[in-house]
$ cat protein_16.txt   # compact mmCIF, C-alpha atoms and all ligand atoms
# COMPACT_ATOMS: atom_id res chain seq x y z
CA MET A 264 111.22 107.57 112.75
CA LYS A 265 109.30 107.33 115.99
CA ILE A 266 110.34 105.08 118.87
CA ASN A 267 108.33 104.42 122.01
CA ILE A 268 109.69 102.11 124.67
CA LYS A 269 107.36 101.54 127.61
CA ASN A 270 108.72 100.18 130.84
CA VAL A 271 110.86 97.47 129.21
CA THR A 272 112.76 95.02 131.36
CA HIS A 273 114.62 92.08 129.85
CA ARG A 274 116.29 89.26 131.69
CA TYR A 275 118.19 86.16 130.67
CA ASP A 276 119.52 84.61 133.86
CA VAL A 277 120.09 88.14 135.15
CA GLU A 278 118.35 91.40 134.35
CA VAL A 279 120.07 93.00 131.35
CA LEU A 280 117.66 95.88 130.65
CA LYS A 281 116.02 97.67 133.52
CA GLU A 282 112.69 99.45 133.21
CA LEU A 283 113.63 101.26 130.06
CA ASN A 284 111.44 104.13 128.86
CA LEU A 285 112.07 106.18 125.74
CA ASP A 286 110.07 108.44 123.43
CA LEU A 287 111.94 109.71 120.38
CA GLU A 288 110.68 111.22 117.15
CA GLY A 289 112.16 112.79 114.08
CA TYR A 290 115.56 111.09 113.77
CA GLN A 291 116.71 109.01 110.82
CA SER A 292 119.87 107.39 112.05
CA ILE A 293 120.23 106.34 115.67
CA ALA A 294 123.45 104.94 117.13
CA ILE A 295 123.48 102.80 120.27
CA ILE A 296 126.85 102.84 122.02
CA GLY A 297 128.32 101.60 125.30
CA VAL A 298 130.83 99.13 126.73
CA SER A 299 130.56 95.41 126.11
CA GLY A 300 127.71 93.86 128.10
CA SER A 301 125.84 97.14 128.59
CA GLY A 302 122.75 95.80 126.77
CA LYS A 303 123.12 97.33 123.29
CA SER A 304 122.52 94.11 121.34
CA THR A 305 119.63 93.22 123.59
CA LEU A 306 118.01 96.60 122.97
CA ILE A 307 118.42 96.41 119.18
CA ARG A 308 117.11 92.82 119.12
CA LEU A 309 114.05 93.88 121.12
CA LEU A 310 113.44 96.94 118.90
CA SER A 311 113.60 94.77 115.80
CA GLY A 312 111.17 92.23 117.22
CA LEU A 313 113.77 89.43 117.11
CA GLU A 314 113.20 88.88 120.82
CA LYS A 315 110.25 89.51 123.08
CA PRO A 316 110.92 91.56 126.21
CA SER A 317 110.39 89.90 129.60
CA GLN A 318 108.20 92.87 130.44
CA GLY A 319 106.96 96.03 128.73
CA GLU A 320 106.25 97.06 125.14
CA LEU A 321 108.16 98.60 122.25
CA TYR A 322 106.69 100.55 119.33
CA LEU A 323 108.38 101.71 116.16
CA ASN A 324 106.49 104.13 113.94
CA SER A 325 103.45 103.23 116.08
CA TYR A 326 103.72 99.50 115.28
CA ASN A 327 104.07 97.10 118.18
CA VAL A 328 107.37 95.43 117.26
CA MET A 329 105.93 91.94 117.87
CA ASN A 330 103.45 92.56 115.01
CA GLU A 331 104.15 90.32 111.98
CA ASP A 332 103.61 93.21 109.50
CA TYR A 333 106.23 95.20 111.38
CA LYS A 334 108.71 92.34 111.14
CA LYS A 335 108.26 92.38 107.35
CA SER A 336 108.99 96.11 107.25
CA ILE A 337 112.51 95.92 108.68
CA GLY A 338 115.92 94.59 107.70
CA PHE A 339 118.57 93.29 110.09
CA VAL A 340 122.34 93.10 109.55
CA PHE A 341 124.11 90.82 112.04
CA GLN A 342 127.66 90.98 113.43
CA ASN A 343 128.73 88.22 111.07
CA HIS A 344 127.42 88.31 107.54
CA ASN A 345 125.09 85.34 108.02
CA LEU A 346 124.97 84.53 104.30
CA PHE A 347 124.16 80.98 103.20
CA PRO A 348 127.62 79.53 102.45
CA HIS A 349 126.50 77.31 99.56
CA LEU A 350 124.80 80.15 97.63
CA THR A 351 126.36 82.95 95.57
CA LEU A 352 125.97 86.51 96.84
CA LYS A 353 123.21 87.07 94.31
CA LYS A 354 121.37 83.81 95.10
CA ASN A 355 121.50 84.74 98.78
CA ILE A 356 119.30 87.68 97.89
CA THR A 357 117.07 86.21 95.17
CA LEU A 358 116.20 83.24 97.40
CA VAL A 359 114.90 85.55 100.15
CA LEU A 360 112.92 87.65 97.67
CA GLU A 361 111.36 84.62 95.95
CA LYS A 362 110.61 82.56 99.04
CA THR A 363 109.53 85.22 101.53
CA ARG A 364 108.29 88.09 99.36
CA GLY A 365 106.74 86.31 96.39
CA PHE A 366 109.03 87.91 93.75
CA SER A 367 109.20 86.28 90.33
CA LYS A 368 112.63 84.92 89.33
CA GLU A 369 113.15 87.83 86.96
CA ASP A 370 112.15 90.56 89.43
CA ALA A 371 114.26 88.94 92.15
CA SER A 372 117.26 88.93 89.81
CA ILE A 373 116.81 92.60 88.85
CA THR A 374 116.35 93.66 92.47
CA ALA A 375 119.33 91.65 93.74
CA SER A 376 121.61 93.14 91.07
CA LYS A 377 120.37 96.64 91.86
CA TYR A 378 121.27 96.39 95.56
CA LEU A 379 124.53 94.53 94.98
CA SER A 380 125.55 97.37 92.63
CA LEU A 381 124.55 99.95 95.23
CA LEU A 382 127.03 98.26 97.57
CA HIS A 383 129.66 98.14 94.76
CA LEU A 384 129.48 94.37 94.32
CA GLU A 385 128.35 94.17 90.70
CA ASP A 386 131.44 92.16 89.74
CA GLN A 387 131.17 89.78 92.74
CA GLU A 388 127.57 88.64 92.53
CA ASP A 389 128.27 85.13 91.23
CA LYS A 390 130.85 84.30 93.89
CA LEU A 391 130.29 82.22 97.01
CA PRO A 392 130.72 84.02 100.37
CA LYS A 393 133.94 82.09 101.06
CA ASN A 394 135.47 83.50 97.86
CA VAL A 395 135.01 87.18 98.72
CA SER A 396 136.52 89.31 101.49
CA GLY A 397 134.80 89.69 104.86
CA GLY A 398 133.98 93.27 103.94
CA GLN A 399 132.42 92.25 100.64
CA ALA A 400 130.38 89.53 102.36
CA GLN A 401 129.17 92.01 104.95
CA ARG A 402 128.26 94.50 102.19
CA ALA A 403 126.30 91.69 100.48
CA SER A 404 124.38 91.09 103.71
CA ILE A 405 123.58 94.82 103.82
CA ALA A 406 122.38 94.57 100.20
CA ARG A 407 120.22 91.61 101.23
CA ALA A 408 118.71 93.57 104.13
CA LEU A 409 117.95 96.48 101.78
CA SER A 410 116.52 94.32 98.99
CA VAL A 411 113.22 93.69 100.80
CA ASN A 412 112.67 97.46 100.77
CA PRO A 413 112.46 97.85 104.57
CA ASN A 414 111.49 101.09 106.28
CA VAL A 415 114.07 100.60 109.00
CA ILE A 416 117.44 98.87 108.86
CA PHE A 417 118.99 97.51 112.04
CA MET A 418 122.71 96.80 112.20
CA ASP A 419 124.28 95.11 115.23
CA GLU A 420 128.02 95.90 115.13
CA PRO A 421 128.24 95.14 111.40
CA THR A 422 132.03 95.52 111.36
CA SER A 423 132.95 93.75 114.60
CA SER A 424 134.55 90.82 112.76
CA LEU A 425 136.48 92.96 110.26
CA ASP A 426 139.98 94.45 110.25
CA PRO A 427 140.32 98.26 110.20
CA ILE A 428 140.63 98.51 106.41
CA LEU A 429 137.55 96.39 105.71
CA THR A 430 135.70 98.21 108.50
CA HIS A 431 136.41 101.50 106.76
CA GLU A 432 135.26 100.06 103.42
CA VAL A 433 131.95 98.77 104.83
CA LEU A 434 131.21 101.93 106.82
CA ASN A 435 131.95 104.12 103.80
CA ALA A 436 129.45 102.06 101.80
CA VAL A 437 126.87 102.54 104.57
CA LYS A 438 127.52 106.30 104.66
CA GLU A 439 126.62 106.46 100.98
CA LEU A 440 123.19 105.08 101.92
CA LYS A 441 122.37 108.16 103.97
CA THR A 442 120.36 109.65 101.12
CA ILE A 443 118.28 106.58 100.18
CA GLY A 444 115.45 107.60 102.50
CA LYS A 445 115.68 104.72 104.97
CA ASP A 446 115.90 104.88 108.75
CA PHE A 447 118.80 103.21 110.54
CA ILE A 448 119.28 101.97 114.09
CA PHE A 449 122.71 100.54 114.74
CA VAL A 450 125.18 99.41 117.38
CA THR A 451 128.82 100.27 116.78
CA HIS A 452 132.14 100.92 118.49
CA GLU A 453 133.30 103.18 115.64
CA MET A 454 132.89 106.68 117.05
CA SER A 455 133.95 108.47 113.86
CA PHE A 456 131.16 106.61 112.06
CA VAL A 457 128.71 107.67 114.78
CA LYS A 458 129.74 111.31 114.30
CA ASP A 459 129.44 111.09 110.50
CA PHE A 460 126.31 109.01 110.17
CA ALA A 461 124.11 109.25 113.27
CA ASP A 462 121.77 112.12 114.02
CA TYR A 463 121.03 110.77 117.51
CA VAL A 464 123.07 108.75 120.01
CA ILE A 465 121.96 106.51 122.88
CA PHE A 466 124.66 105.65 125.42
CA MET A 467 123.92 102.49 127.42
CA HIS A 468 125.49 101.56 130.73
CA GLN A 469 124.61 98.48 132.80
CA GLY A 470 121.24 98.02 131.13
CA GLU A 471 120.16 101.64 131.36
CA ILE A 472 120.22 104.62 129.01
CA LYS A 473 122.76 106.82 130.73
CA GLU A 474 122.91 109.68 128.20
CA MET A 475 121.30 110.48 124.89
CA GLY A 476 121.25 113.33 122.41
CA THR A 477 122.79 114.48 119.16
CA PRO A 478 126.34 113.25 118.45
CA SER A 479 127.67 116.40 120.11
CA ILE A 480 127.13 114.62 123.49
CA LEU A 481 130.27 112.66 122.65
CA ASN A 482 132.34 115.86 122.84
CA THR A 483 130.83 117.06 126.10
CA PRO A 484 129.91 114.02 128.23
CA GLN A 485 127.75 114.89 131.23
CA THR A 486 128.28 111.63 133.10
CA GLU A 487 131.46 110.01 134.40
CA GLU A 488 130.47 106.79 132.55
CA LEU A 489 130.34 108.42 129.10
CA LYS A 490 133.52 110.35 129.85
CA LEU A 491 135.35 107.10 130.68
CA PHE A 492 133.86 105.35 127.66
CA MET A 493 135.04 108.11 125.32
CA GLU A 494 138.54 107.91 126.78
CA LYS A 495 138.60 104.17 126.07
CA VAL A 496 137.36 104.33 122.48
CA ARG A 497 139.47 107.28 121.40
N1 LIG B 1 121.17 84.85 124.96
C1 LIG B 1 121.66 85.23 126.14
N2 LIG B 1 121.62 84.44 127.22
C2 LIG B 1 122.09 84.82 128.42
N3 LIG B 1 122.68 86.03 128.64
C3 LIG B 1 122.78 86.86 127.61
C4 LIG B 1 122.29 86.53 126.31
N4 LIG B 1 122.52 87.57 125.47
C5 LIG B 1 123.14 88.51 126.22
N5 LIG B 1 123.30 88.08 127.50
C6 LIG B 1 123.89 88.87 128.59
O1 LIG B 1 123.21 90.10 128.65
C7 LIG B 1 124.11 91.18 128.91
C8 LIG B 1 123.97 92.23 127.84
O2 LIG B 1 124.37 91.67 126.61
P1 LIG B 1 124.33 92.45 125.23
O3 LIG B 1 124.80 91.48 124.19
O4 LIG B 1 123.01 93.08 125.06
O5 LIG B 1 125.42 93.57 125.49
P2 LIG B 1 126.22 94.45 124.44
O6 LIG B 1 126.30 95.79 125.05
O7 LIG B 1 125.60 94.35 123.10
O8 LIG B 1 127.65 93.77 124.44
P3 LIG B 1 128.71 93.56 123.23
O9 LIG B 1 129.21 94.92 122.86
O10 LIG B 1 129.76 92.69 123.86
O11 LIG B 1 127.96 92.85 122.11
C9 LIG B 1 125.49 90.57 129.00
O12 LIG B 1 125.83 90.40 130.34
C10 LIG B 1 125.33 89.24 128.31
O13 LIG B 1 126.21 88.27 128.84

$ encode --input "protein_16.txt" --output "C-alpha cells" --more "lines below"
Ligand SMILES: Nc1ncnc2c1ncn2[C@@H]1O[C@H](COP(=O)(O)OP(=O)(O)OP(=O)(O)O)[C@@H](O)[C@H]1O
Amino acid sequence: MKINIKNVTHRYDVEVLKELNLDLEGYQSIAIIGVSGSGKSTLIRLLSGLEKPSQGELYLNSYNVMNEDYKKSIGFVFQNHNLFPHLTLKKNITLVLEKTRGFSKEDASITASKYLSLLHLEDQEDKLPKNVSGGQAQRASIARALSVNPNVIFMDEPTSSLDPILTHEVLNAVKELKTIGKDFIFVTHEMSFVKDFADYVIFMHQGEIKEMGTPSILNTPQTEELKLFMEKVR
C-alpha cells in the first residue's frame, strides 16, 4: 500500500499529533506501536477517515481519506468487538452487507458464512455475541470487516479486552489472513505479533513518529524512547 501524510496536526483539547509527515510505499502490514497516550489510536482513526485532522491531509493508495469511496474500501476492527448485541454473529454481517452494500439476502448469507468459516466460526454463526467468548466475538468482528471486501483493514488494539489465551487465539487467526491479499494497518501492544505479522513498524512517542522501519528496529532501538518501551513490553 501507499501512505502519504502531509503536515498533519490533530488536537482535542491539547495537541495529540504534531505536524506529522510520512511517505511510505510497498508494505502490506504496518504496525503502529508506542506507550498509552502516544497518539496511535488517533493516527489510525485519521488514516481510516473516521476522524478529520485539525490540519493537514492524509492519502492512502492516492485516495484522500475523507473521500466517501475510500471509506467504502476499508474495514475497521475496534478495541471491543462492537457487534450488535441483539443479532447473531451471522446476522451482524448479513445486515451490513444488505443495508450498506446492496447484497441480496442469499448473497449476504453466502458471504457471511464464508468469512465466519475463514475465522473458524462456522459452528457459532447462529449465536448471539453474549453467548460466545470474547475471542470468538472479536473474530466475528474481523469477519464482518473482511466481508465487505475492503482493500485495507484497520485494527485498533483488537485484543486489548482479551485475556492472554484469547489474545493468542485471535492473533493466530489474523496471522492466517496474511495470504489473503489484503493490506493491514494495526495498533497493538503484542510485540511477538508485530514481529510475526508486520512488515513495517511505526513507533509513536508524544504525538510524533520517533522511529520507523522493518520489525528489526525492535531488536536494535536507535532512540532512548524505543529502548525504554521495549524494556517495558518484554
Ligand atoms: N476523543 C478525545 N477527546 C479528547 N482527548 C482525546 C480523545 N481521544 C484521545 N484523546 C487524547 O489524545 C491523546 C492520544 O490518545 P490516543 O488514544 O491516540 O493514544 P494511544 O497511543 O492510542 O493510547 P492507548 O494505547 O491508551 O489507546 C491522549 O492524551 C488522549 O487522552

$ closest_residue --input "protein_16.txt" --among "A:Ser396, A:Ser301, A:Thr451, A:Ser325" --to "ligand LIG 1 (chain B)" --atoms "all atoms listed in the file"
A:Ser301

$ atom_distance --input "protein_16.txt" --atom1 "CA of Tyr326 (chain A)" --atom2 "CA of Lys269 (chain A)"
13.0 Å

$ closest_atom_pairs --input "protein_16.txt" --of "chain A" --to "ligand LIG 1 (chain B)" --cutoff "7 Å" --atoms "all atoms listed in the file" --output "Markdown table"
| residue | atom | partner | partner_atom | distance |
| --- | --- | --- | --- | --- |
| A:Tyr275 | CA | B:LIG1 | C2 | 4.7 |
| A:Asp276 | CA | B:LIG1 | C2 | 6.0 |
| A:Val279 | CA | B:LIG1 | O1 | 5.1 |
| A:Gly297 | CA | B:LIG1 | O6 | 6.2 |
| A:Val298 | CA | B:LIG1 | O6 | 5.9 |
| A:Ser299 | CA | B:LIG1 | O9 | 3.6 |
| A:Gly300 | CA | B:LIG1 | O5 | 3.5 |
| A:Ser301 | CA | B:LIG1 | O6 | 3.8 |
| A:Gly302 | CA | B:LIG1 | O4 | 3.2 |
| A:Lys303 | CA | B:LIG1 | O7 | 3.9 |
| A:Ser304 | CA | B:LIG1 | O7 | 3.6 |
| A:Thr305 | CA | B:LIG1 | O4 | 3.7 |
| A:Leu306 | CA | B:LIG1 | O4 | 6.5 |

$ atom_distance --input "protein_16.txt" --atom1 "CA of Tyr463 (chain A)" --atom2 "CA of Phe417 (chain A)"
14.5 Å

$ closest_residue --input "protein_16.txt" --among "A:Ile296, A:Val437, A:Ile448, A:Ala371" --to "Val415 (chain A)" --atoms "only C-alpha atoms"
A:Ile448

$ residues_around --input "protein_16.txt" --residues "region 358-363 of chain A" --least-positions-apart "4" --cutoff "10 Å" --atoms "only C-alpha atoms" --output "ChimeraX atom specification"
/A:335,350,353-354,367-372,374-375,407-408,410-411

$ atom_distance --input "protein_16.txt" --atom1 "CA of Pro421 (chain A)" --atom2 "CA of Lys393 (chain A)"
17.6 Å

$ residues_near_point --input "protein_16.txt" --point "(139.4, 108.1, 108.8)" --cutoff "12 Å" --atoms "only C-alpha atoms" --output "PyMOL selection string"
chain A and resi 427-428+430-432+434-435+453-456+458-459

$ write_last_selection --input "protein_16.txt" --atoms "C-alpha atoms" --output "PDB file, keeping the file's coordinate frame"
ATOM      1  CA  PRO A 427     140.320  98.260 110.200  1.00  0.00           C
ATOM      2  CA  ILE A 428     140.630  98.510 106.410  1.00  0.00           C
ATOM      3  CA  THR A 430     135.700  98.210 108.500  1.00  0.00           C
ATOM      4  CA  HIS A 431     136.410 101.500 106.760  1.00  0.00           C
ATOM      5  CA  GLU A 432     135.260 100.060 103.420  1.00  0.00           C
ATOM      6  CA  LEU A 434     131.210 101.930 106.820  1.00  0.00           C
ATOM      7  CA  ASN A 435     131.950 104.120 103.800  1.00  0.00           C
ATOM      8  CA  GLU A 453     133.300 103.180 115.640  1.00  0.00           C
ATOM      9  CA  MET A 454     132.890 106.680 117.050  1.00  0.00           C
ATOM     10  CA  SER A 455     133.950 108.470 113.860  1.00  0.00           C
ATOM     11  CA  PHE A 456     131.160 106.610 112.060  1.00  0.00           C
ATOM     12  CA  LYS A 458     129.740 111.310 114.300  1.00  0.00           C
ATOM     13  CA  ASP A 459     129.440 111.090 110.500  1.00  0.00           C
TER      14      ASP A 459
END

$ closest_residue --input "protein_16.txt" --among "A:Lys265, A:His468, A:Lys315, A:Lys377" --to "Ile293 (chain A)" --atoms "all atoms listed in the file"
A:Lys265
